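Pasted below: work-v2.txt, compact mmCIF, C-alpha atoms and all ligand atoms.
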# COMPACT_ATOMS: atom_id res chain seq x y z
CA MET A 1 -19.95 -7.52 80.09
CA PHE A 2 -16.37 -7.92 78.92
CA ASN A 3 -14.26 -10.88 80.04
CA LEU A 4 -10.55 -11.18 79.46
CA VAL A 5 -8.09 -13.96 80.12
CA LEU A 6 -4.54 -12.80 80.69
CA PHE A 7 -2.46 -15.80 79.78
CA GLY A 8 1.22 -16.60 80.11
CA PRO A 9 3.88 -18.53 82.02
CA PRO A 10 4.89 -17.86 85.65
CA GLY A 11 6.80 -14.58 85.77
CA SER A 12 5.39 -13.24 82.48
CA GLY A 13 3.88 -10.21 84.23
CA LYS A 14 0.21 -11.24 84.39
CA GLY A 15 -0.26 -9.91 87.92
CA THR A 16 1.31 -6.51 87.25
CA GLN A 17 -0.55 -5.99 83.98
CA SER A 18 -3.88 -7.24 85.41
CA GLU A 19 -3.77 -4.64 88.16
CA GLN A 20 -3.40 -1.83 85.63
CA ILE A 21 -6.04 -3.27 83.33
CA VAL A 22 -8.69 -3.59 86.05
CA LYS A 23 -8.06 0.01 87.13
CA THR A 24 -8.15 1.42 83.62
CA TYR A 25 -11.30 -0.40 82.52
CA GLN A 26 -13.01 -0.90 85.91
CA LEU A 27 -13.07 -4.66 85.72
CA GLN A 28 -12.84 -7.23 88.51
CA HIS A 29 -9.54 -9.05 88.97
CA ILE A 30 -9.73 -12.79 89.62
CA ALA A 31 -6.27 -14.24 90.28
CA THR A 32 -6.34 -17.89 91.32
CA GLY A 33 -2.80 -17.73 92.75
CA ASP A 34 -3.83 -14.88 95.10
CA LEU A 35 -7.11 -16.58 96.04
CA LEU A 36 -5.24 -19.80 96.83
CA ARG A 37 -2.56 -18.02 98.89
CA ASP A 38 -5.35 -16.35 100.86
CA GLU A 39 -6.91 -19.76 101.59
CA VAL A 40 -3.48 -21.06 102.62
CA SER A 41 -2.85 -18.17 105.01
CA ARG A 42 -6.30 -18.60 106.59
CA GLN A 43 -5.60 -22.34 106.89
CA THR A 44 -8.97 -23.31 105.44
CA ALA A 45 -9.53 -26.93 104.37
CA LEU A 46 -9.11 -25.82 100.75
CA GLY A 47 -5.90 -23.98 101.63
CA VAL A 48 -4.37 -26.91 103.48
CA GLU A 49 -5.08 -29.15 100.48
CA ALA A 50 -3.84 -26.61 97.91
CA LYS A 51 -0.57 -25.91 99.74
CA LYS A 52 0.65 -29.48 99.17
CA TYR A 53 0.60 -28.86 95.42
CA MET A 54 1.71 -25.24 95.41
CA ASP A 55 4.85 -25.91 97.46
CA GLN A 56 5.93 -28.43 94.85
CA GLY A 57 5.17 -26.19 91.88
CA MET A 58 2.34 -28.50 90.80
CA LEU A 59 -1.11 -27.40 89.69
CA VAL A 60 -3.87 -27.64 92.30
CA PRO A 61 -6.57 -30.14 91.15
CA ASP A 62 -9.07 -28.72 88.65
CA GLU A 63 -12.19 -29.31 90.75
CA VAL A 64 -10.75 -27.29 93.65
CA VAL A 65 -9.89 -24.30 91.48
CA ILE A 66 -13.08 -24.41 89.40
CA GLY A 67 -15.27 -24.42 92.54
CA MET A 68 -13.35 -21.46 93.92
CA ILE A 69 -13.73 -19.45 90.67
CA SER A 70 -17.42 -20.23 90.41
CA SER A 71 -18.21 -18.82 93.84
CA LYS A 72 -15.99 -15.79 93.19
CA ILE A 73 -17.93 -14.96 90.01
CA ASP A 74 -21.22 -15.37 91.88
CA GLU A 75 -20.05 -12.88 94.52
CA MET A 76 -19.94 -10.11 91.90
CA PRO A 77 -23.18 -10.16 89.89
CA ASP A 78 -22.88 -6.47 88.92
CA ALA A 79 -19.33 -6.63 87.57
CA ARG A 80 -18.58 -4.78 84.33
CA GLY A 81 -16.42 -7.75 83.48
CA PHE A 82 -13.59 -9.93 84.75
CA VAL A 83 -9.88 -10.26 84.17
CA PHE A 84 -8.85 -13.86 84.79
CA ASP A 85 -5.21 -14.10 85.85
CA GLY A 86 -3.63 -17.53 86.29
CA PHE A 87 -6.86 -19.22 85.24
CA PRO A 88 -7.67 -21.31 83.24
CA ARG A 89 -4.47 -23.35 83.45
CA THR A 90 -5.74 -26.61 81.96
CA ARG A 91 -8.09 -27.44 79.11
CA THR A 92 -10.59 -28.81 81.64
CA GLN A 93 -10.57 -25.45 83.46
CA ALA A 94 -11.03 -23.59 80.14
CA GLU A 95 -14.05 -25.71 79.24
CA ALA A 96 -15.52 -25.27 82.75
CA LEU A 97 -15.07 -21.49 82.52
CA ASP A 98 -16.89 -21.40 79.18
CA LYS A 99 -19.80 -23.26 80.76
CA LEU A 100 -19.90 -21.01 83.82
CA LEU A 101 -19.97 -17.87 81.67
CA GLU A 102 -22.49 -19.31 79.23
CA PHE A 103 -24.78 -19.91 82.20
CA LYS A 104 -24.53 -16.16 82.86
CA ASN A 105 -25.23 -15.36 79.20
CA THR A 106 -21.73 -14.12 78.63
CA GLN A 107 -18.37 -15.46 77.39
CA ILE A 108 -14.61 -14.95 77.20
CA HIS A 109 -14.15 -12.22 74.63
CA LEU A 110 -10.39 -12.03 74.42
CA VAL A 111 -7.28 -13.95 75.52
CA LEU A 112 -4.04 -12.00 75.65
CA SER A 113 -0.98 -14.21 75.89
CA LEU A 114 2.20 -12.65 77.26
CA GLU A 115 5.20 -14.23 75.56
CA VAL A 116 8.51 -14.02 77.43
CA PRO A 117 11.68 -16.07 76.77
CA GLU A 118 12.27 -18.79 79.37
CA GLU A 119 15.62 -17.45 80.59
CA ASP A 120 14.01 -14.06 81.34
CA LEU A 121 11.22 -15.80 83.28
CA ILE A 122 13.62 -17.66 85.55
CA ALA A 123 15.65 -14.51 86.22
CA ARG A 124 12.50 -12.52 87.08
CA LEU A 125 11.13 -15.22 89.39
CA VAL A 126 14.39 -15.76 91.26
CA ASN A 127 14.64 -12.01 91.70
CA ARG A 128 11.05 -11.75 92.96
CA GLY A 129 11.77 -14.58 95.41
CA ILE A 130 14.23 -12.37 97.25
CA THR A 131 11.44 -10.00 98.30
CA SER A 132 8.12 -11.82 97.76
CA GLY A 133 8.32 -14.20 100.70
CA ARG A 134 6.55 -16.73 98.48
CA SER A 135 7.54 -20.26 99.38
CA ASP A 136 7.40 -21.31 95.71
CA ASP A 137 9.84 -18.68 94.39
CA ASN A 138 13.04 -20.74 94.66
CA GLN A 139 15.00 -22.22 91.78
CA GLU A 140 13.82 -25.82 92.24
CA VAL A 141 10.10 -25.02 92.50
CA ILE A 142 10.34 -22.42 89.73
CA THR A 143 11.66 -25.09 87.36
CA ALA A 144 8.74 -27.37 88.33
CA ARG A 145 6.22 -24.56 87.73
CA ILE A 146 7.59 -23.84 84.26
CA LYS A 147 7.49 -27.57 83.46
CA GLU A 148 3.83 -27.76 84.56
CA TYR A 149 3.13 -24.73 82.43
CA ASN A 150 4.66 -26.22 79.29
CA LEU A 151 2.93 -29.55 79.82
CA LYS A 152 -0.57 -28.59 81.00
CA THR A 153 -1.11 -24.88 80.49
CA GLU A 154 0.42 -24.16 77.07
CA PRO A 155 -2.29 -26.35 75.43
CA VAL A 156 -4.90 -23.87 76.72
CA ALA A 157 -3.49 -21.34 74.21
CA ARG A 158 -4.33 -23.78 71.42
CA TYR A 159 -7.87 -24.15 72.78
CA TYR A 160 -8.48 -20.40 72.61
CA ASN A 161 -6.71 -20.10 69.27
CA GLU A 162 -9.11 -22.67 67.83
CA HIS A 163 -11.94 -20.42 69.05
CA GLY A 164 -10.32 -17.38 67.39
CA LYS A 165 -9.80 -15.55 70.68
CA LEU A 166 -6.03 -15.64 71.18
CA GLU A 167 -3.66 -12.71 70.65
CA ARG A 168 0.05 -13.16 71.35
CA ILE A 169 1.83 -10.17 72.88
CA ALA A 170 5.59 -9.66 73.35
CA GLY A 171 6.02 -9.46 77.13
CA HIS A 172 9.73 -8.71 77.45
CA HIS A 173 9.40 -4.93 77.13
CA PRO A 174 9.22 -2.59 80.14
CA VAL A 175 5.86 -2.65 81.99
CA PRO A 176 4.33 0.53 80.42
CA GLU A 177 5.16 -0.57 76.88
CA THR A 178 3.64 -4.00 77.40
CA PHE A 179 0.57 -2.35 78.92
CA LYS A 180 0.17 -0.19 75.81
CA LEU A 181 0.31 -3.28 73.59
CA LEU A 182 -2.41 -4.94 75.68
CA THR A 183 -4.69 -1.90 75.67
CA LYS A 184 -4.59 -1.74 71.87
CA HIS A 185 -6.43 -5.05 71.82
CA ILE A 186 -8.79 -4.35 74.73
CA ASN A 187 -9.83 -0.99 73.25
CA LYS A 188 -11.47 -2.86 70.38
CA TYR A 189 -14.05 -4.08 72.92
CA LEU A 190 -14.13 -1.54 75.71
CA LEU A 191 -13.00 2.05 76.25
CA PRO A 192 -10.89 3.11 79.25
CA ILE A 193 -12.78 4.83 82.04
CA ALA A 194 -11.19 8.27 82.51
P1 LIG B 201 2.74 -18.02 88.87
O1 LIG B 201 1.89 -17.84 87.67
O2 LIG B 201 3.76 -16.94 89.05
O3 LIG B 201 3.32 -19.40 89.01
P2 LIG B 201 0.38 -17.98 90.59
O4 LIG B 201 0.29 -17.09 91.76
O5 LIG B 201 -0.54 -17.74 89.45
O6 LIG B 201 1.89 -17.86 90.17
O7 LIG B 201 0.21 -19.51 91.06
C1 LIG B 201 0.94 -20.06 92.12
C2 LIG B 201 0.57 -21.53 92.31
O8 LIG B 201 -0.83 -21.64 92.63
C3 LIG B 201 0.75 -22.43 91.08
O9 LIG B 201 2.06 -22.92 90.97
C4 LIG B 201 -0.28 -23.54 91.37
O10 LIG B 201 0.21 -24.46 92.32
C5 LIG B 201 -1.42 -22.78 92.03
N1 LIG B 201 -2.44 -22.35 91.03
C6 LIG B 201 -2.73 -21.06 90.70
N2 LIG B 201 -3.70 -21.00 89.77
C7 LIG B 201 -4.03 -22.28 89.49
C8 LIG B 201 -4.95 -22.89 88.59
N3 LIG B 201 -5.75 -22.16 87.79
N4 LIG B 201 -5.02 -24.26 88.57
C9 LIG B 201 -4.24 -25.00 89.36
N5 LIG B 201 -3.34 -24.49 90.22
C10 LIG B 201 -3.23 -23.15 90.30

Written as structure tokens, that's how I'd like the structure from this file.
Ligand code: ADP
Amino acid sequence: MFNLVLFGPPGSGKGTQSEQIVKTYQLQHIATGDLLRDEVSRQTALGVEAKKYMDQGMLVPDEVVIGMISSKIDEMPDARGFVFDGFPRTRTQAEALDKLLEFKNTQIHLVLSLEVPEEDLIARLVNRGITSGRSDDNQEVITARIKEYNLKTEPVARYYNEHGKLERIAGHHPVPETFKLLTKHINKYLLPIA
């Protein structure tokens, strides 16, 4: 098994790059933002709770997200590996993920951090808001999301760096160039499936 965390602030391109990575290496994509939006649209109890936080650009409580990830991993026992996108976003989530994977005799092998200047992020997110229909893609909520990121999520990079797993990647290039940079690191662990 090969497990990757794609790390980076809102708007850094995690979603776009994850989609290409899972196709190229036949991995399973686990994106907490997408899973949460699905719960919201189905108006499940979890979704109703999560929406309160998401609409304000705040992180959903750890126990909610960790429970959701745990059952998602259990749904795919035969996976070749996972790409975690938008998770973990706090140190508590990172520690919980390590425990979950350890229980399955596996681990996080690599964390690729997409680094994009803050002014580029805001421009990308505002732009996406025009077409995405996402209720959290407006200037006010975007600012709150970036603040949450700097406060609670950035420290997760330190956690993985301490474990020798973090690689920082310039994320301001066009999509194909960034993808190439990411694959250079992944290829050390896993070869693309033709
Ligand atoms: P982005 O990274 O562009 O902000 P996401 O789709 O990853 O978008 O997340 C959207 C929102 O969903 C976040 O602002 C947060 O409220 C919630 N969310 C997603 N993943 C997590 C997580 N791992 N922990 C807590 N909240 C999360």

Spatial sel., origin (-11.0, -2.6, 86.6), limit 10 Å, only C-alpha atoms, listed as a ChimeraX atom specification: /A:18-29,79-83,192-193

field: Polymer residues at most 12 Å from Glu140 in chain A, all atoms listed in the file, same-chain spacing of 5 or more positions, as a list in words
entry: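 Skipping anything fewer than 5 positions along the chain leaves Asp55, Gln56, Gly57, Met58, Ile122, Leu125, Val126, Gly129, Ser135, Arg145, Ile146 and Lys147 of chain A.
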
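The contact shell of ligand LIG 201 (chain B), defined as all polymer residues within 7 Å when only C-alpha atoms and all ligand atoms are used, comprises A:Pro9, A:Pro10, A:Gly11, A:Ala31, A:Thr32, A:Gly33, A:Asp34, A:Leu36, A:Tyr53, A:Met54, A:Gly57, A:Met58, A:Leu59, A:Val60, A:Pro61, A:Asp62, A:Val65, A:Asp85, A:Gly86, A:Phe87, A:Pro88, A:Arg89, A:Arg145.
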
Of the listed residues A:Val156, A:Leu46, A:Val111, A:Val40, that which approaches Phe84 in chain A most closely, counting all atoms listed in the file: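 The shortest atom-to-atom distance to Phe84 in chain A comes from A:Val111.
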
- request: Measure the distance from CA of Tyr160 in chain A to CA of Lys51 in chain A in Å and round it to one decimal.
  value: 28.8 Å

statement: As a check of understanding: the span from CA of Val116 in chain A to CA of Gly8 in chain A is 8.2 Å

For range 143-154 of chain A, where the input has fewer atoms than it should, I would like all heavy atoms rebuilt and written as an mmCIF file, keeping the file's coordinate frame.
data_model
loop_
_atom_site.group_PDB
_atom_site.id
_atom_site.type_symbol
_atom_site.label_atom_id
_atom_site.label_comp_id
_atom_site.auth_asym_id
_atom_site.auth_seq_id
_atom_site.Cartn_x
_atom_site.Cartn_y
_atom_site.Cartn_z
ATOM 1 N N THR A 143 11.476 -24.163 88.480
ATOM 2 C CA THR A 143 11.660 -25.090 87.360
ATOM 3 C C THR A 143 10.452 -26.007 87.223
ATOM 4 O O THR A 143 9.966 -26.247 86.111
ATOM 5 C CB THR A 143 12.948 -25.933 87.574
ATOM 6 O OG1 THR A 143 14.009 -25.033 87.877
ATOM 7 C CG2 THR A 143 13.302 -26.737 86.354
ATOM 8 N N ALA A 144 9.924 -26.498 88.357
ATOM 9 C CA ALA A 144 8.740 -27.370 88.330
ATOM 10 C C ALA A 144 7.528 -26.614 87.789
ATOM 11 O O ALA A 144 6.742 -27.157 87.004
ATOM 12 C CB ALA A 144 8.462 -27.900 89.727
ATOM 13 N N ARG A 145 7.377 -25.345 88.194
ATOM 14 C CA ARG A 145 6.220 -24.560 87.730
ATOM 15 C C ARG A 145 6.277 -24.342 86.218
ATOM 16 O O ARG A 145 5.251 -24.414 85.537
ATOM 17 C CB ARG A 145 6.182 -23.212 88.459
ATOM 18 C CG ARG A 145 5.556 -23.350 89.854
ATOM 19 C CD ARG A 145 5.999 -22.249 90.800
ATOM 20 N NE ARG A 145 5.666 -20.929 90.344
ATOM 21 C CZ ARG A 145 6.280 -19.813 90.748
ATOM 22 N NH1 ARG A 145 7.264 -19.892 91.623
ATOM 23 N NH2 ARG A 145 5.903 -18.652 90.291
ATOM 24 N N ILE A 146 7.479 -24.070 85.706
ATOM 25 C CA ILE A 146 7.590 -23.840 84.260
ATOM 26 C C ILE A 146 7.331 -25.144 83.499
ATOM 27 O O ILE A 146 6.681 -25.145 82.447
ATOM 28 C CB ILE A 146 8.972 -23.221 83.921
ATOM 29 C CG1 ILE A 146 9.018 -21.799 84.519
ATOM 30 C CG2 ILE A 146 9.208 -23.184 82.408
ATOM 31 C CD1 ILE A 146 10.313 -21.064 84.325
ATOM 32 N N LYS A 147 7.755 -26.273 84.072
ATOM 33 C CA LYS A 147 7.490 -27.570 83.460
ATOM 34 C C LYS A 147 5.987 -27.852 83.412
ATOM 35 O O LYS A 147 5.449 -28.282 82.383
ATOM 36 C CB LYS A 147 8.208 -28.654 84.281
ATOM 37 C CG LYS A 147 8.685 -29.814 83.467
ATOM 38 C CD LYS A 147 9.630 -30.699 84.260
ATOM 39 C CE LYS A 147 9.441 -32.145 83.851
ATOM 40 N NZ LYS A 147 10.034 -33.072 84.820
ATOM 41 N N GLU A 148 5.287 -27.604 84.513
ATOM 42 C CA GLU A 148 3.830 -27.760 84.560
ATOM 43 C C GLU A 148 3.164 -26.873 83.514
ATOM 44 O O GLU A 148 2.214 -27.275 82.848
ATOM 45 C CB GLU A 148 3.268 -27.355 85.944
ATOM 46 C CG GLU A 148 3.366 -28.373 87.038
ATOM 47 C CD GLU A 148 2.334 -29.486 86.914
ATOM 48 O OE1 GLU A 148 2.636 -30.464 86.208
ATOM 49 O OE2 GLU A 148 1.264 -29.408 87.546
ATOM 50 N N TYR A 149 3.693 -25.669 83.396
ATOM 51 C CA TYR A 149 3.130 -24.730 82.430
ATOM 52 C C TYR A 149 3.247 -25.287 81.013
ATOM 53 O O TYR A 149 2.269 -25.323 80.266
ATOM 54 C CB TYR A 149 3.855 -23.366 82.508
ATOM 55 C CG TYR A 149 3.352 -22.417 81.457
ATOM 56 C CD1 TYR A 149 2.174 -21.693 81.650
ATOM 57 C CD2 TYR A 149 4.006 -22.270 80.234
ATOM 58 C CE1 TYR A 149 1.677 -20.852 80.666
ATOM 59 C CE2 TYR A 149 3.520 -21.437 79.246
ATOM 60 C CZ TYR A 149 2.355 -20.730 79.472
ATOM 61 O OH TYR A 149 1.848 -19.911 78.488
ATOM 62 N N ASN A 150 4.453 -25.723 80.659
ATOM 63 C CA ASN A 150 4.660 -26.220 79.290
ATOM 64 C C ASN A 150 3.810 -27.441 79.002
ATOM 65 O O ASN A 150 3.266 -27.599 77.914
ATOM 66 C CB ASN A 150 6.143 -26.528 79.059
ATOM 67 C CG ASN A 150 6.975 -25.257 78.981
ATOM 68 O OD1 ASN A 150 6.475 -24.198 78.573
ATOM 69 N ND2 ASN A 150 8.224 -25.330 79.390
ATOM 70 N N LEU A 151 3.655 -28.296 80.007
ATOM 71 C CA LEU A 151 2.930 -29.550 79.820
ATOM 72 C C LEU A 151 1.404 -29.352 79.818
ATOM 73 O O LEU A 151 0.700 -29.839 78.933
ATOM 74 C CB LEU A 151 3.326 -30.492 80.972
ATOM 75 C CG LEU A 151 2.951 -31.955 80.823
ATOM 76 C CD1 LEU A 151 3.823 -32.604 79.762
ATOM 77 C CD2 LEU A 151 3.148 -32.687 82.161
ATOM 78 N N LYS A 152 0.887 -28.636 80.811
ATOM 79 C CA LYS A 152 -0.570 -28.590 81.000
ATOM 80 C C LYS A 152 -1.215 -27.280 80.593
ATOM 81 O O LYS A 152 -2.382 -27.253 80.212
ATOM 82 C CB LYS A 152 -0.898 -28.839 82.484
ATOM 83 C CG LYS A 152 -0.477 -30.220 82.940
ATOM 84 C CD LYS A 152 -0.805 -30.433 84.399
ATOM 85 C CE LYS A 152 -0.306 -31.782 84.890
ATOM 86 N NZ LYS A 152 -0.266 -31.815 86.367
ATOM 87 N N THR A 153 -0.472 -26.175 80.704
ATOM 88 C CA THR A 153 -1.110 -24.880 80.490
ATOM 89 C C THR A 153 -0.943 -24.376 79.058
ATOM 90 O O THR A 153 -1.885 -23.810 78.495
ATOM 91 C CB THR A 153 -0.596 -23.847 81.523
ATOM 92 O OG1 THR A 153 -0.788 -24.389 82.825
ATOM 93 C CG2 THR A 153 -1.343 -22.535 81.421
ATOM 94 N N GLU A 154 0.223 -24.604 78.454
ATOM 95 C CA GLU A 154 0.420 -24.160 77.070
ATOM 96 C C GLU A 154 -0.715 -24.638 76.155
ATOM 97 O O GLU A 154 -1.182 -23.868 75.317
ATOM 98 C CB GLU A 154 1.795 -24.652 76.560
ATOM 99 C CG GLU A 154 2.678 -23.607 75.896
ATOM 100 C CD GLU A 154 2.035 -22.768 74.816
ATOM 101 O OE1 GLU A 154 1.585 -23.315 73.769
ATOM 102 O OE2 GLU A 154 1.977 -21.531 74.994
#
